[in-house]
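Working notes for the structure below.
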Amino acid sequence: MDLSKRVKRTLLTVGGLAAVLLLGLWVVDAVTPSPVRQALPATATDVQEYCNASWQGDSLRCLQAKMPQAEMPKFAAKLGLVERYNPRTDAALPISFDGGREADWWHSPTTMNGAYFEYKPGKEAYSLATYQNGRAYYLATAWQRFSMAKRYRAV
């Protein structure tokens, strides 16, 4: 067998294996529930979830589900959300439930008061969870903030 046939055969084999691997990863991702969905109690019904992530690192995940209010603290704790929103001390934070409007079924909670949240300054990301009108609401978003001045400094 000459060299060009061996190279072609090797490239086809590697390409085929890569395609099978990518297909397998896609299938696993498609059938595996998200960590947020896994954190829901077994009593949760009417679950709706939306996820959008870009190659640039921006992402949005929102979920709403009917569930008993008594299950909300445990749901939030499973997601690592322990801090509670207080409008007197947290109003200046750049966090809100408004990002979920990308999903046509999303109806933003009417208040942030008492919502569980996580926000770390400088991380460009936050997570929120609250309970209103018989439903749990969860929203997490992350974004990239680029500074052109830092990226293209004069030498």
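Chains: A, B, ... in order of the structure tokens. Residues: from 1 per chain. Ligands: from 1, in order shown.
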
**Request:** Name the residues of chain A that fall into alpha helix (DSSP H) according to DSSP on the backbone, using the chain letters and numbers of this document, as an MDAnalysis selection string.
**Result:** chainID A and resid 3:31 35:39 72:78 87:90 148:151

Find the spatial neighbours of segment 62-68 of chain A, counting only C-alpha atoms, within a cut-off of 7 Å - ignore same-chain residues fewer than 4 positions away - and output them as an mmCIF file with N, CA and C atoms, in the first residue's frame.
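Generated file (selection_35.cif):
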```cif
data_model
loop_
_atom_site.group_PDB
_atom_site.id
_atom_site.type_symbol
_atom_site.label_atom_id
_atom_site.label_comp_id
_atom_site.auth_asym_id
_atom_site.auth_seq_id
_atom_site.Cartn_x
_atom_site.Cartn_y
_atom_site.Cartn_z
ATOM 1 N N THR A 43 -41.786 16.168 43.337
ATOM 2 C CA THR A 43 -43.152 16.685 43.241
ATOM 3 C C THR A 43 -43.308 17.768 42.184
ATOM 4 N N ALA A 44 -42.218 18.226 41.578
ATOM 5 C CA ALA A 44 -42.288 19.302 40.576
ATOM 6 C C ALA A 44 -42.998 18.819 39.317
ATOM 7 N N THR A 45 -43.856 19.678 38.775
ATOM 8 C CA THR A 45 -44.572 19.380 37.537
ATOM 9 C C THR A 45 -44.500 20.598 36.623
ATOM 10 N N ASP A 46 -44.992 20.435 35.417
ATOM 11 C CA ASP A 46 -45.052 21.523 34.434
ATOM 12 C C ASP A 46 -43.715 22.265 34.347
ATOM 13 N N VAL A 47 -42.639 21.500 34.188
ATOM 14 C CA VAL A 47 -41.288 22.065 34.148
ATOM 15 C C VAL A 47 -40.998 22.606 32.750
ATOM 16 N N GLN A 48 -40.548 23.829 32.693
ATOM 17 C CA GLN A 48 -40.123 24.442 31.441
ATOM 18 C C GLN A 48 -38.706 24.969 31.642
ATOM 19 N N GLU A 49 -37.837 24.667 30.692
ATOM 20 C CA GLU A 49 -36.437 25.067 30.817
ATOM 21 C C GLU A 49 -35.941 25.591 29.483
ATOM 22 N N TYR A 50 -35.124 26.615 29.552
ATOM 23 C CA TYR A 50 -34.534 27.233 28.368
ATOM 24 C C TYR A 50 -33.049 27.429 28.630
ATOM 25 N N CYS A 51 -32.240 27.112 27.651
ATOM 26 C CA CYS A 51 -30.798 27.324 27.781
ATOM 27 C C CYS A 51 -30.268 27.869 26.461
ATOM 28 N N GLY A 100 -34.777 36.203 31.392
ATOM 29 C CA GLY A 100 -35.558 35.067 30.920
ATOM 30 C C GLY A 100 -36.523 35.385 29.807
ATOM 31 N N GLY A 134 -47.198 29.776 43.143
ATOM 32 C CA GLY A 134 -47.188 28.327 42.984
ATOM 33 C C GLY A 134 -46.066 27.785 42.108
ATOM 34 N N ARG A 135 -45.134 28.649 41.721
ATOM 35 C CA ARG A 135 -44.059 28.232 40.823
ATOM 36 C C ARG A 135 -42.691 28.614 41.366
ATOM 37 N N ALA A 136 -41.725 27.754 41.092
ATOM 38 C CA ALA A 136 -40.320 28.068 41.360
ATOM 39 C C ALA A 136 -39.747 28.662 40.086
ATOM 40 N N TYR A 137 -38.949 29.698 40.243
ATOM 41 C CA TYR A 137 -38.280 30.341 39.117
ATOM 42 C C TYR A 137 -36.780 30.295 39.370
ATOM 43 N N TYR A 138 -36.032 29.960 38.333
ATOM 44 C CA TYR A 138 -34.580 29.940 38.421
ATOM 45 C C TYR A 138 -34.020 30.614 37.178
ATOM 46 N N LEU A 139 -33.022 31.448 37.372
ATOM 47 C CA LEU A 139 -32.348 32.086 36.248
ATOM 48 C C LEU A 139 -30.869 32.190 36.570
ATOM 49 N N ALA A 140 -30.033 31.801 35.620
ATOM 50 C CA ALA A 140 -28.585 31.955 35.754
ATOM 51 C C ALA A 140 -28.070 32.534 34.452
#
```

**Request:** Go through A:Thr130, A:Gln38, A:Lys78, A:Lys123 and flag the residue nearest Thr111 of chain A, using only C-alpha atoms for the distances.
**Result:**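 Among A:Thr130, A:Gln38, A:Lys78, A:Lys123, it is A:Thr130 that comes nearest to Thr111 of chain A.
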
Apply DSSP to the structure's backbone, then extract all residues of chain A labelled strand (DSSP E or B) and return them as an mmCIF file with C-alpha atoms, in the first residue's frame.
```
data_model
loop_
_atom_site.group_PDB
_atom_site.id
_atom_site.type_symbol
_atom_site.label_atom_id
_atom_site.label_comp_id
_atom_site.auth_asym_id
_atom_site.auth_seq_id
_atom_site.Cartn_x
_atom_site.Cartn_y
_atom_site.Cartn_z
ATOM 1 C CA THR A 45 -44.572 19.380 37.537
ATOM 2 C CA ASP A 46 -45.052 21.523 34.434
ATOM 3 C CA VAL A 47 -41.288 22.065 34.148
ATOM 4 C CA GLN A 48 -40.123 24.442 31.441
ATOM 5 C CA GLU A 49 -36.437 25.067 30.817
ATOM 6 C CA TYR A 50 -34.534 27.233 28.368
ATOM 7 C CA CYS A 51 -30.798 27.324 27.781
ATOM 8 C CA ASN A 52 -28.795 29.461 25.391
ATOM 9 C CA ALA A 53 -25.011 29.509 25.321
ATOM 10 C CA SER A 59 -25.013 31.951 28.630
ATOM 11 C CA LEU A 60 -28.544 32.027 29.960
ATOM 12 C CA ARG A 61 -30.534 29.271 31.638
ATOM 13 C CA CYS A 62 -34.011 29.779 33.002
ATOM 14 C CA LEU A 63 -36.435 27.282 34.469
ATOM 15 C CA GLN A 64 -39.866 27.466 35.977
ATOM 16 C CA ALA A 65 -41.829 24.641 37.561
ATOM 17 C CA LYS A 66 -44.902 24.080 39.682
ATOM 18 C CA GLU A 83 -28.068 34.291 50.272
ATOM 19 C CA ARG A 84 -31.460 36.057 50.336
ATOM 20 C CA TYR A 116 -32.174 33.249 46.763
ATOM 21 C CA PHE A 117 -29.138 34.441 44.848
ATOM 22 C CA GLU A 118 -25.440 34.179 44.161
ATOM 23 C CA TYR A 119 -23.463 37.080 42.741
ATOM 24 C CA ALA A 125 -22.331 35.913 36.374
ATOM 25 C CA TYR A 126 -25.244 35.465 38.756
ATOM 26 C CA SER A 127 -27.910 32.941 39.705
ATOM 27 C CA LEU A 128 -31.356 33.607 41.164
ATOM 28 C CA ALA A 129 -34.214 31.469 42.451
ATOM 29 C CA THR A 130 -37.544 32.479 43.914
ATOM 30 C CA TYR A 131 -41.061 31.196 44.498
ATOM 31 C CA GLN A 132 -44.200 33.060 43.401
ATOM 32 C CA ARG A 135 -44.059 28.232 40.823
ATOM 33 C CA ALA A 136 -40.320 28.068 41.360
ATOM 34 C CA TYR A 137 -38.280 30.341 39.117
ATOM 35 C CA TYR A 138 -34.580 29.940 38.421
ATOM 36 C CA LEU A 139 -32.348 32.086 36.248
ATOM 37 C CA ALA A 140 -28.585 31.955 35.754
ATOM 38 C CA THR A 141 -26.629 34.106 33.358
ATOM 39 C CA ALA A 142 -22.991 34.721 32.550
#
```
